[in-house]
Each structure stands twice: as structure tokens, then as C-alpha cells.
>>> print(open('upload.cif').read())   # mmCIF, C-alpha atoms and all ligand atoms
data_run
loop_
_atom_site.label_atom_id
_atom_site.label_comp_id
_atom_site.auth_asym_id
_atom_site.auth_seq_id
_atom_site.Cartn_x
_atom_site.Cartn_y
_atom_site.Cartn_z
CA MET A 24 0.00 0.00 0.00
CA ILE A 25 1.12 3.54 -0.77
CA ALA A 26 -0.03 6.49 1.36
CA PRO A 27 0.97 9.88 -0.06
CA SER A 28 1.48 12.46 2.69
CA ILE A 29 -0.28 15.76 2.08
CA LEU A 30 2.33 17.47 4.25
CA ALA A 31 4.24 17.91 0.97
CA ALA A 32 1.15 19.04 -0.98
CA ASP A 33 -0.10 22.58 -1.65
CA PHE A 34 -2.22 23.34 1.44
CA ALA A 35 -4.23 25.94 -0.49
CA ARG A 36 -5.40 23.26 -2.97
CA LEU A 37 -5.89 20.16 -0.84
CA ALA A 38 -8.93 18.84 -2.74
CA ASP A 39 -7.00 18.99 -6.03
CA GLU A 40 -3.93 17.47 -4.42
CA ALA A 41 -6.00 14.56 -3.07
CA ALA A 42 -7.54 14.06 -6.53
CA ALA A 43 -4.07 14.08 -8.07
CA VAL A 44 -3.21 10.79 -6.35
CA ALA A 45 -6.66 9.19 -6.13
CA GLY A 46 -6.35 7.27 -9.42
CA THR A 47 -9.01 4.96 -10.87
CA ALA A 48 -9.83 1.25 -10.97
CA GLY A 49 -7.62 -0.05 -8.19
CA ARG A 50 -4.69 2.19 -9.01
CA GLY A 51 -3.64 5.27 -7.13
CA ALA A 52 -3.18 5.98 -3.45
CA ASP A 53 -4.47 3.40 -0.97
CA TRP A 54 -4.61 5.89 1.89
CA LEU A 55 -4.04 9.63 2.11
CA HIS A 56 -1.66 10.34 4.99
CA VAL A 57 -2.60 13.42 7.02
CA ASP A 58 0.02 14.78 9.43
CA VAL A 59 -1.48 16.57 12.42
CA MET A 60 1.13 18.51 14.43
CA ASP A 61 0.50 20.64 17.51
CA ASN A 62 3.81 22.49 18.02
CA HIS A 63 4.18 20.71 21.40
CA PHE A 64 4.82 17.05 20.66
CA VAL A 65 6.79 18.19 17.61
CA PRO A 66 8.28 21.63 16.81
CA ASN A 67 5.88 22.31 13.94
CA LEU A 68 2.23 23.19 13.46
CA THR A 69 0.13 21.90 10.56
CA LEU A 70 -3.60 21.25 10.52
CA GLY A 71 -6.37 19.92 12.71
CA LEU A 72 -9.93 18.67 12.80
CA PRO A 73 -11.62 21.27 10.55
CA VAL A 74 -9.23 20.48 7.73
CA VAL A 75 -9.74 16.73 8.12
CA GLN A 76 -13.52 17.24 8.11
CA ALA A 77 -13.25 19.27 4.90
CA LEU A 78 -10.87 16.80 3.29
CA ARG A 79 -13.22 13.92 4.09
CA LYS A 80 -15.90 15.59 1.97
CA ALA A 81 -13.43 16.30 -0.83
CA THR A 82 -12.05 12.79 -1.44
CA ASP A 83 -12.99 9.12 -1.25
CA VAL A 84 -9.42 8.04 -0.49
CA PRO A 85 -9.33 6.71 3.11
CA LEU A 86 -7.67 9.20 5.45
CA ASP A 87 -4.72 7.96 7.49
CA CYS A 88 -4.46 10.52 10.29
CA HIS A 89 -1.08 10.63 12.02
CA LEU A 90 -1.46 12.59 15.25
CA MET A 91 1.87 14.08 16.32
CA ILE A 92 0.26 15.73 19.32
CA GLU A 93 0.35 15.74 23.08
CA ASP A 94 -2.70 14.48 24.96
CA PRO A 95 -4.06 12.25 22.17
CA GLU A 96 -6.68 11.00 24.66
CA ARG A 97 -8.33 14.40 24.33
CA TRP A 98 -8.35 14.63 20.52
CA ALA A 99 -8.10 11.24 18.81
CA LEU A 100 -11.79 10.32 18.91
CA GLY A 101 -12.63 13.58 17.14
CA TYR A 102 -10.67 12.35 14.13
CA ALA A 103 -12.63 9.10 14.20
CA GLU A 104 -15.87 11.07 14.21
CA ALA A 105 -14.55 13.24 11.38
CA GLY A 106 -14.43 10.13 9.19
CA ALA A 107 -10.77 9.10 9.35
CA HIS A 108 -10.08 5.51 8.30
CA ASN A 109 -7.04 5.10 10.51
CA VAL A 110 -6.18 7.18 13.57
CA THR A 111 -2.57 6.86 14.67
CA VAL A 112 -1.27 8.18 18.00
CA HIS A 113 2.26 8.25 19.37
CA VAL A 114 3.15 5.82 22.13
CA GLU A 115 5.45 8.50 23.59
CA ALA A 116 2.48 10.86 24.02
CA SER A 117 -0.28 8.54 25.22
CA ARG A 118 -1.06 7.98 28.91
CA ASP A 119 -3.02 4.78 28.27
CA PRO A 120 -2.54 3.52 24.70
CA VAL A 121 -4.50 0.31 25.31
CA ALA A 122 -7.61 2.20 26.46
CA LEU A 123 -7.20 4.60 23.56
CA ALA A 124 -7.04 1.75 21.04
CA LYS A 125 -10.21 0.24 22.49
CA ASP A 126 -11.99 3.60 22.24
CA LEU A 127 -10.84 4.08 18.64
CA ARG A 128 -11.97 0.62 17.59
CA ALA A 129 -15.30 1.13 19.35
CA ALA A 130 -15.68 4.33 17.31
CA GLY A 131 -15.32 2.24 14.16
CA VAL A 132 -11.83 3.22 12.99
CA ARG A 133 -8.55 1.38 12.73
CA ALA A 134 -6.24 2.17 15.65
CA GLY A 135 -2.62 2.99 14.85
CA LEU A 136 0.36 3.27 17.17
CA SER A 137 3.46 5.19 16.08
CA ILE A 138 6.96 4.98 17.49
CA LYS A 139 9.74 7.54 16.99
CA PRO A 140 13.11 6.39 15.61
CA GLY A 141 14.69 6.21 19.08
CA THR A 142 11.78 4.38 20.74
CA PRO A 143 12.31 0.63 21.13
CA LEU A 144 9.59 -1.78 20.07
CA GLU A 145 9.91 -4.49 22.73
CA PRO A 146 8.33 -2.63 25.70
CA HIS A 147 5.19 -2.02 23.62
CA LEU A 148 4.52 -5.47 22.18
CA ASP A 149 1.62 -6.22 24.54
CA THR A 150 0.10 -2.83 23.76
CA LEU A 151 0.36 -3.54 20.04
CA ARG A 152 -1.99 -6.52 20.40
CA HIS A 153 -4.76 -3.90 20.63
CA TYR A 154 -3.71 -2.03 17.48
CA ASP A 155 -4.38 -2.46 13.77
CA THR A 156 -1.38 -0.52 12.49
CA LEU A 157 2.18 0.02 13.69
CA LEU A 158 3.65 3.22 12.22
CA VAL A 159 7.43 3.05 12.38
CA MET A 160 8.91 6.54 12.04
CA SER A 161 11.98 6.54 9.83
CA VAL A 162 12.74 10.23 10.49
CA GLU A 163 12.27 12.37 13.60
CA PRO A 164 8.63 13.44 13.40
CA GLY A 165 7.97 17.09 12.59
CA PHE A 166 9.05 17.77 9.04
CA GLY A 167 8.91 16.31 5.56
CA GLY A 168 11.90 15.97 3.27
CA GLN A 169 14.29 14.47 5.82
CA GLU A 170 16.73 11.63 5.25
CA PHE A 171 15.65 8.04 5.90
CA ILE A 172 17.12 6.41 9.04
CA PRO A 173 17.89 2.80 7.98
CA GLU A 174 18.42 1.55 11.56
CA VAL A 175 14.63 1.55 12.14
CA LEU A 176 14.32 -1.37 9.73
CA ASP A 177 15.34 -3.68 12.59
CA LYS A 178 12.02 -2.78 14.25
CA VAL A 179 10.20 -3.45 10.98
CA ARG A 180 11.82 -6.90 10.74
CA THR A 181 10.83 -7.71 14.31
CA ALA A 182 7.23 -6.59 13.75
CA ARG A 183 7.06 -8.50 10.45
CA ARG A 184 8.22 -11.69 12.16
CA LEU A 185 5.63 -11.30 14.94
CA VAL A 186 2.87 -10.75 12.38
CA ASP A 187 3.97 -13.65 10.20
CA THR A 188 4.05 -15.99 13.21
CA GLY A 189 0.60 -14.91 14.37
CA HIS A 190 1.71 -13.07 17.52
CA LEU A 191 0.46 -9.72 16.25
CA THR A 192 -2.28 -8.84 13.77
CA LEU A 193 -1.49 -5.47 12.27
CA LEU A 194 -0.19 -3.63 9.24
CA VAL A 195 3.38 -2.40 9.39
CA GLU A 196 3.61 1.14 8.06
CA ILE A 197 6.71 3.27 7.59
CA ASP A 198 6.90 7.05 7.50
CA GLY A 199 9.72 9.41 6.62
CA GLY A 200 12.29 9.62 3.84
CA ILE A 201 10.60 7.00 1.67
CA ASN A 202 11.56 7.49 -2.00
CA THR A 203 12.88 5.52 -4.96
CA ASP A 204 16.24 5.07 -3.20
CA THR A 205 14.88 3.75 0.11
CA ILE A 206 11.58 2.00 -0.57
CA GLU A 207 13.05 -1.32 -1.67
CA ALA A 208 15.00 -1.79 1.57
CA ALA A 209 11.83 -1.02 3.53
CA ALA A 210 9.84 -3.49 1.40
CA GLU A 211 12.46 -6.19 1.89
CA ALA A 212 12.30 -5.63 5.67
CA GLY A 213 8.56 -6.34 5.52
CA VAL A 214 6.66 -3.05 5.40
CA ASP A 215 2.99 -3.26 4.30
CA CYS A 216 2.22 0.43 3.86
CA PHE A 217 4.61 3.16 2.73
CA VAL A 218 4.04 6.85 3.49
CA ALA A 219 5.68 9.16 0.96
CA GLY A 220 5.42 12.94 1.02
CA SER A 221 8.07 14.72 -1.00
CA ALA A 222 8.66 11.69 -3.25
CA VAL A 223 5.03 11.93 -4.43
CA TYR A 224 4.11 15.60 -4.26
CA GLY A 225 7.58 16.76 -5.29
CA ALA A 226 7.21 14.81 -8.54
CA ASP A 227 5.90 16.36 -11.76
CA ASP A 228 3.18 13.71 -11.90
CA PRO A 229 2.16 12.57 -8.38
CA ALA A 230 -0.04 9.73 -9.67
CA ARG A 231 2.84 8.31 -11.68
CA ALA A 232 5.15 8.64 -8.70
CA VAL A 233 2.70 6.53 -6.65
CA GLU A 234 2.65 3.81 -9.30
CA ALA A 235 6.42 3.86 -9.69
CA LEU A 236 6.86 3.37 -5.93
CA ARG A 237 4.30 0.55 -5.98
CA GLU A 238 6.18 -1.14 -8.82
CA GLN A 239 9.41 -1.01 -6.82
CA VAL A 240 7.63 -2.56 -3.83
CA ARG A 241 6.26 -5.37 -6.02
CA HIS A 242 9.71 -6.09 -7.30
CA ALA A 243 11.37 -6.02 -3.87
CA SER A 244 8.60 -8.09 -2.24
CA ALA A 245 8.81 -10.78 -4.92
CA HIS A 246 12.52 -10.86 -4.29
CA ARG A 247 11.93 -11.29 -0.56
CA GLY A 248 9.43 -14.06 -1.14
CA TRP A 249 6.28 -12.73 0.48
CA ALA A 250 3.29 -10.49 -0.44
C1 LIG B 301 7.00 13.65 9.33
C2 LIG B 301 5.67 13.17 8.80
C3 LIG B 301 5.73 12.47 7.52
C4 LIG B 301 6.18 13.33 6.35
C5 LIG B 301 6.97 12.45 5.44
O1 LIG B 301 6.87 14.04 10.64
O2 LIG B 301 5.09 12.26 9.74
O3 LIG B 301 4.47 11.87 7.20
O4 LIG B 301 5.13 13.87 5.62
O5 LIG B 301 7.51 13.25 4.43
P1 LIG B 301 8.68 12.70 3.48
O6 LIG B 301 8.11 11.54 2.74
O7 LIG B 301 8.99 13.86 2.63
O8 LIG B 301 9.80 12.27 4.38
ZN ZN B 302 3.28 11.12 9.10
#
>>> encode(input="upload.cif", output="C-alpha cells", more="lines below")
Ligand code: DX5
Ligand code: ZN
Amino acid sequence: MIAPSILAADFARLADEAAAVAGTAGRGADWLHVDVMDNHFVPNLTLGLPVVQALRKATDVPLDCHLMIEDPERWALGYAEAGAHNVTVHVEASRDPVALAKDLRAAGVRAGLSIKPGTPLEPHLDTLRHYDTLLVMSVEPGFGGQEFIPEVLDKVRTARRLVDTGHLTLLVEIDGGINTDTIEAAAEAGVDCFVAGSAVYGADDPARAVEALREQVRHASAHRGWA
């Protein structure tokens, strides 16, 4: 799956930018990744609920909301009510991520848990049994256009193994620095869903960029022997 991040899109033309990757007949973006930043959890401020509500009306592509915010307990359910498909919170910011996952699922959305590059996976494995998505950050959250941190692929491999052996049931998603140079290594490590901001919206033809990334994933996954 490919999830273009609108952080790299033109914020004055979000409906057009969503349409630019939507595609037709099974092609195009699988999810649209929406980066919510509060200038507290990360040193940047982007968009919030009103924009997600407006975007929901403007596109049929499922919205993958990545909440880089403090106090997700206060805000996350609002994104579920706004029609998000996937609501992802940061484990570093949540007081009770298990309760939050239960509330999100009860609200009818997929629950996602994100971990920063320096956050280990092992202490959170029990928590992850309550989640539908693990979002492995491959840059420090806060900004697009940063360089991929390959060391996080160890966490991807661990998560992949736990999913393949039936210990976890979730999608493994990666976010940050994904482009034509890095996506194959991520695919070989076992990622299911690839977020790409600048690699998609920095391209002349965003829809083609999505398909080119997907083609690279197909190639690398066949090579790895799964998917
Ligand atoms: C970073 C965001 C990412 C960002 C990725 O904090 O979570 O989703 O948009 O952008 P690129 O693909 O340019 O690294
Ligand atoms: Zn993100």
C-alpha cells in the first residue's frame, strides 16, 4: 500500500492534491496520509480537525491521520468522528494507549500506534496486540523531506516476524524519507504500507510517482518471497 502524505502538498489546494493521487480502478493511493502537528509534541504546526472534516468531503481516499500531538486522549476520537479511516497516535504521548485503542476501535476506525526512531519496540509489544497498524517513524517526526534512518528497519523486521508468526495482527507502516532510493529496503524488511510525502508531491506527476513506488515494492517483495 502507498499512502501519499499531504504534508508535501499545496495546502491551499488540498482537494485537487487529493484528486491528483486518487487514481481509478484499483490504481492510485491506498490511503491519504494526514500529518497533524500541535507544536508541542513536535516543533511544527500543521492542521487539525476542521481540515480533516473538509478533506473527508473532498475525497474518497481513506484518510490515514497521524497525530503528532500531546494528549491524544483528548483529541483522537474527534478524528474518528470526522471520518478518518485510521487514527494513529504516538506511544510516547499517550497515557493509556490500550484504552485509547479500544476507544478508537469502538468508534469504528482502525487504531494505529506510532513509534519515533529512538523508541524501542519491545516494551510495547503487549500494547500492540490492541492495534491495527504500527507506524514506524523513519525520520524524527515534525518535518517532511528528511533523510531516511535505515536503523529503524530492525524494528520493521521484528514486527514483520511477529505478524507472520501470528503473535500480532497489524499492518506495518513506515513514515519518513521514503523514496525511490529507500523504498526497496523497507519493502524487503517487511513493510505493508509506505508513506511518501516529498517523493510523491515533489514529482511532476504525483499519480505516476505513486505507481512507480508501488512497482518497486512489487519487485522487492517478490525478491523477498512474500506479499
Ligand atoms: C513527518 C511526517 C511524515 C512526512 C513524510 O513528521 O510524519 O508523514 O510527511 O515526508 P517525506 O516523505 O517527505 O519524508
Ligand atoms: Zn506522518
>>> closest_residue(input="upload.cif", among="A:Glu207, A:Asp61, A:Glu170, A:Asp198", to="ligand ZN 302 (chain B)", atoms="only C-alpha atoms and all ligand atoms")
A:Asp198
>>> residues_around(input="upload.cif", residues="range 129-133 of chain A", least_positions_apart="3", cutoff="8 Å", atoms="all atoms listed in the file", output="VMD selection string")
chain A and resid 100 103 to 104 107 to 110 125 to 126 154 to 156
>>> residues_around(input="upload.cif", residues="Val114 in chain A", least_positions_apart="2", cutoff="7 Å", atoms="all atoms listed in the file", output="MDAnalysis selection string")
chainID A and resid 112 116:117 120 136:138
>>> closest_atom_pairs(input="upload.cif", of="range 26-137 of chain A", to="range 221-227 of chain A", cutoff="9 Å", atoms="only C-alpha atoms", output="tab-separated table")
residue	atom	partner	partner_atom	distance
A:Pro27	CA	A:Val223	CA	6.3
A:Ser28	CA	A:Ser221	CA	7.9
A:Ile29	CA	A:Tyr224	CA	7.7
A:Leu30	CA	A:Ser221	CA	8.3
A:Ala31	CA	A:Ser221	CA	5.4
A:Ala32	CA	A:Tyr224	CA	5.6
A:Asp33	CA	A:Tyr224	CA	8.6
A:Glu40	CA	A:Tyr224	CA	8.3
A:Val44	CA	A:Val223	CA	8.5
>>> write_last_selection(input="upload.cif", atoms="C-alpha atoms", output="PDB file, in the coordinates of the input")
ATOM      1  CA  PRO A  27       0.970   9.880  -0.060  1.00  0.00           C
ATOM      2  CA  SER A  28       1.480  12.460   2.690  1.00  0.00           C
ATOM      3  CA  ILE A  29      -0.280  15.760   2.080  1.00  0.00           C
ATOM      4  CA  LEU A  30       2.330  17.470   4.250  1.00  0.00           C
ATOM      5  CA  ALA A  31       4.240  17.910   0.970  1.00  0.00           C
ATOM      6  CA  ALA A  32       1.150  19.040  -0.980  1.00  0.00           C
ATOM      7  CA  ASP A  33      -0.100  22.580  -1.650  1.00  0.00           C
ATOM      8  CA  GLU A  40      -3.930  17.470  -4.420  1.00  0.00           C
ATOM      9  CA  VAL A  44      -3.210  10.790  -6.350  1.00  0.00           C
TER      10      VAL A  44
END
>>> residues_near_ligand(input="upload.cif", ligand="ligand LIG 301 (chain B)", cutoff="9 Å", atoms="all atoms listed in the file", output="PyMOL selection string")
chain A and resi 27-31+56-60+65+67+89-91+160-171+197-202+218-225
>>> atom_distance(input="upload.cif", atom1="CA of Thr142 in chain A", atom2="CA of Leu70 in chain A")
25.0 Å
>>> residues_around(input="upload.cif", residues="Pro85 in chain A", least_positions_apart="2", cutoff="10 Å", atoms="all atoms listed in the file", output="PyMOL selection string")
chain A and resi 26+45+52-56+79+82-83+87-88+106-109
>>> closest_residue(input="upload.cif", among="A:Val84, A:Pro229, A:Ala212, A:Ala42", to="Arg184 in chain A", atoms="only C-alpha atoms")
A:Ala212
>>> atom_distance(input="upload.cif", atom1="CA of Lys178 in chain A", atom2="CA of Ala124 in chain A")
20.7 Å
>>> residues_around(input="upload.cif", residues="Leu144 in chain A", least_positions_apart="2", cutoff="10 Å", atoms="all atoms listed in the file", output="PyMOL selection string")
chain A and resi 138-142+146-148+151+157+159+175+177-179+181-182
>>> closest_residue(input="upload.cif", among="A:Glu211, A:Thr203, A:Val186, A:Gly71", to="Ala235 in chain A", atoms="all atoms listed in the file")
A:Thr203
>>> closest_residue(input="upload.cif", among="A:Thr205, A:Gln239, A:Thr47, A:Asn62", to="Ile172 in chain A", atoms="all atoms listed in the file")
A:Thr205
>>> closest_residue(input="upload.cif", among="A:Glu93, A:Phe217, A:Gly51, A:Glu174", to="ligand ZN 302 (chain B)", atoms="only C-alpha atoms and all ligand atoms")
A:Phe217
>>> atom_distance(input="upload.cif", atom1="CA of His242 in chain A", atom2="CA of Thr111 in chain A")
28.3 Å
